[in-house]
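Q: Just one file: data01.cif, with mmCIF, C-alpha atoms; chains and numbers go by the auth columns.
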data_query
#
loop_
_atom_site.group_PDB
_atom_site.id
_atom_site.type_symbol
_atom_site.label_atom_id
_atom_site.label_comp_id
_atom_site.label_asym_id
_atom_site.label_seq_id
_atom_site.Cartn_x
_atom_site.Cartn_y
_atom_site.Cartn_z
_atom_site.B_iso_or_equiv
_atom_site.auth_seq_id
_atom_site.auth_asym_id
ATOM 1 C CA MET A 1 96.667 9.760 -72.533 0.00 15 Y
ATOM 2 C CA ILE A 2 100.062 9.639 -70.933 0.00 16 Y
ATOM 3 C CA GLY A 3 102.852 11.361 -72.861 0.00 17 Y
ATOM 4 C CA GLN A 4 100.610 13.463 -75.110 0.00 18 Y
ATOM 5 C CA ASN A 5 100.304 17.234 -75.021 0.00 19 Y
ATOM 6 C CA MET A 6 96.976 18.807 -74.100 0.00 20 Y
ATOM 7 C CA GLN A 7 94.908 20.321 -76.881 0.00 21 Y
ATOM 8 C CA VAL A 8 94.991 24.129 -76.840 0.00 22 Y
ATOM 9 C CA PRO A 9 91.439 25.583 -76.966 0.00 23 Y
ATOM 10 C CA GLU A 10 90.768 27.883 -79.938 0.00 24 Y
ATOM 11 C CA GLN A 11 87.688 29.726 -78.610 0.00 25 Y
ATOM 12 C CA ILE A 12 85.556 30.320 -75.547 0.00 26 Y
ATOM 13 C CA ASN A 13 83.583 27.246 -74.394 0.00 27 Y
ATOM 14 C CA ASP A 14 85.906 24.932 -76.338 0.00 28 Y
ATOM 15 C CA THR A 15 87.093 23.011 -73.282 0.00 29 Y
ATOM 16 C CA TRP A 16 86.465 23.291 -69.560 0.00 30 Y
ATOM 17 C CA SER A 17 88.333 22.078 -66.498 0.00 31 Y
ATOM 18 C CA MET A 18 86.825 21.196 -63.140 0.00 32 Y
ATOM 19 C CA ASP A 19 88.327 20.476 -59.778 0.00 33 Y
ATOM 20 C CA PHE A 20 87.291 19.787 -56.198 0.00 34 Y
ATOM 21 C CA MET A 21 89.378 21.364 -53.464 0.00 35 Y
ATOM 22 C CA HIS A 22 89.232 20.531 -49.761 0.00 36 Y
ATOM 23 C CA ASP A 23 90.567 22.394 -46.747 0.00 37 Y
ATOM 24 C CA GLN A 24 90.068 22.591 -43.004 0.00 38 Y
ATOM 25 C CA LEU A 25 89.520 25.672 -40.859 0.00 39 Y
ATOM 26 C CA LYS A 26 91.465 26.405 -37.691 0.00 40 Y
ATOM 27 C CA ASP A 27 88.488 25.294 -35.573 0.00 41 Y
ATOM 28 C CA GLY A 28 88.456 21.875 -37.274 0.00 42 Y
ATOM 29 C CA ARG A 29 85.515 22.403 -39.637 0.00 43 Y
ATOM 30 C CA SER A 30 86.208 21.236 -43.169 0.00 44 Y
ATOM 31 C CA PHE A 31 84.843 22.497 -46.457 0.00 45 Y
ATOM 32 C CA ARG A 32 85.051 21.701 -50.153 0.00 46 Y
ATOM 33 C CA THR A 33 84.833 23.876 -53.233 0.00 47 Y
ATOM 34 C CA PHE A 34 83.965 22.840 -56.785 0.00 48 Y
ATOM 35 C CA ASN A 35 85.599 25.027 -59.442 0.00 49 Y
ATOM 36 C CA VAL A 36 84.778 25.135 -63.164 0.00 50 Y
ATOM 37 C CA ILE A 37 87.120 27.087 -65.459 0.00 51 Y
ATOM 38 C CA ASP A 38 86.985 27.881 -69.188 0.00 52 Y
ATOM 39 C CA ASP A 39 90.399 26.762 -70.517 0.00 53 Y
ATOM 40 C CA TYR A 40 90.477 29.416 -73.258 0.00 54 Y
ATOM 41 C CA ASN A 41 90.121 32.608 -71.211 0.00 55 Y
ATOM 42 C CA LEU A 42 90.585 31.076 -67.725 0.00 56 Y
ATOM 43 C CA GLU A 43 87.305 32.595 -66.503 0.00 57 Y
ATOM 44 C CA CYS A 44 85.455 30.920 -63.683 0.00 58 Y
ATOM 45 C CA PRO A 45 81.697 31.422 -64.210 0.00 59 Y
ATOM 46 C CA GLY A 46 80.758 29.835 -60.913 0.00 60 Y
ATOM 47 C CA LYS A 47 82.053 28.184 -57.791 0.00 61 Y
ATOM 48 C CA GLY A 48 80.388 25.751 -55.500 0.00 62 Y
ATOM 49 C CA LYS A 49 80.907 25.404 -51.814 0.00 63 Y
ATOM 50 C CA GLY A 50 79.704 22.743 -49.491 0.00 64 Y
ATOM 51 C CA LYS A 51 79.981 21.213 -46.091 0.00 65 Y
ATOM 52 C CA GLY A 52 79.111 17.882 -44.606 0.00 66 Y
ATOM 53 C CA LYS A 53 80.502 14.698 -43.126 0.00 67 Y
ATOM 54 C CA GLY A 54 82.139 11.843 -44.981 0.00 68 Y
ATOM 55 C CA THR A 55 80.822 11.585 -48.526 0.00 69 Y
ATOM 56 C CA GLY A 56 77.560 13.405 -47.751 0.00 70 Y
ATOM 57 C CA TYR A 57 78.385 16.887 -48.991 0.00 71 Y
ATOM 58 C CA ASN A 58 75.783 19.419 -50.083 0.00 72 Y
ATOM 59 C CA MET A 59 77.099 21.712 -52.841 0.00 73 Y
ATOM 60 C CA THR A 60 75.645 25.091 -53.787 0.00 74 Y
ATOM 61 C CA ILE A 61 76.825 26.852 -56.973 0.00 75 Y
ATOM 62 C CA TYR A 62 77.377 30.614 -56.810 0.00 76 Y
ATOM 63 C CA PRO A 63 78.322 33.038 -59.602 0.00 77 Y
ATOM 64 C CA ALA A 64 82.012 33.913 -59.335 0.00 78 Y
ATOM 65 C CA GLY A 65 83.099 37.488 -58.945 0.00 79 Y
#
Spit out the file's structure as structure tokens when you get a sec.
A:
Amino acid sequence: MIGQNMQVPEQINDTWSMDFMHDQLKDGRSFRTFNVIDDYNLECPGKGKGKGKGTGYNMTIYPAG
């Protein structure tokens, strides 16, 4: 809700955040990543990467690190 502070997680696996990021390479190819982060310890257990055209992206999840 607008105007309310976020709840602070009290332990691991309490809350998670996810985000898609998009960028373009110098040669014009674009790619997206899907990131999932534990809000308590800010660890990222896995990242996804994908490529495609328009809305047809194929994502593959890889262990981070």
Q: Would you mind listing what lies within 7 Å of Y:Met35 as an NGL selection string, with only C-alpha atoms counted and same-chain residues fewer than 2 positions away left out?
A: :Y and (33 or 37 or 46-48)
Q: Can you work out the spacing between atom CA of Y:Ile51 and atom CA of Y:Asn19 in Å, to one decimal?
A: 19.0 Å
Q: Measuring atom to atom with only C-alpha atoms, identify which of Y:Leu39, Y:Asp52, Y:Ser44, Y:Cys58 is nearest to Y:Gln25.
A: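 Comparing Y:Leu39, Y:Asp52, Y:Ser44, Y:Cys58 against Y:Gln25, the winner is Y:Asp52.
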Q: Would you compute an axis-aligned box for stretch 20-31 of chain Y, covering every atom listed for it in the file with 3 Å of margin on each side, and report centre and edge lengths in Å to one decimal as JSON?
A:
{"center_x": 90.3, "center_y": 24.6, "center_z": -73.2, "size_x": 19.4, "size_y": 17.5, "size_z": 19.4}
Q: Mind giving me the straight-line distance from atom CA of Y:Ile26 to atom CA of Y:Asn55 in Å, one decimal?
A: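 Between atom CA of Y:Ile26 and atom CA of Y:Asn55 the gap is 6.7 Å.
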Q: Please measure the separation of atom CA of Y:Pro59 and atom CA of Y:Gln18, giving the value in Å to one decimal.
A: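 Answer for the atom CA of Y:Pro59 to atom CA of Y:Gln18 separation: 28.3 Å.
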Q: What does the PyMOL selection byres ((chain Y and resi 29) around 12) select in this file, as a ChimeraX atom specification?
A: /Y:20-28,30-32,50-57
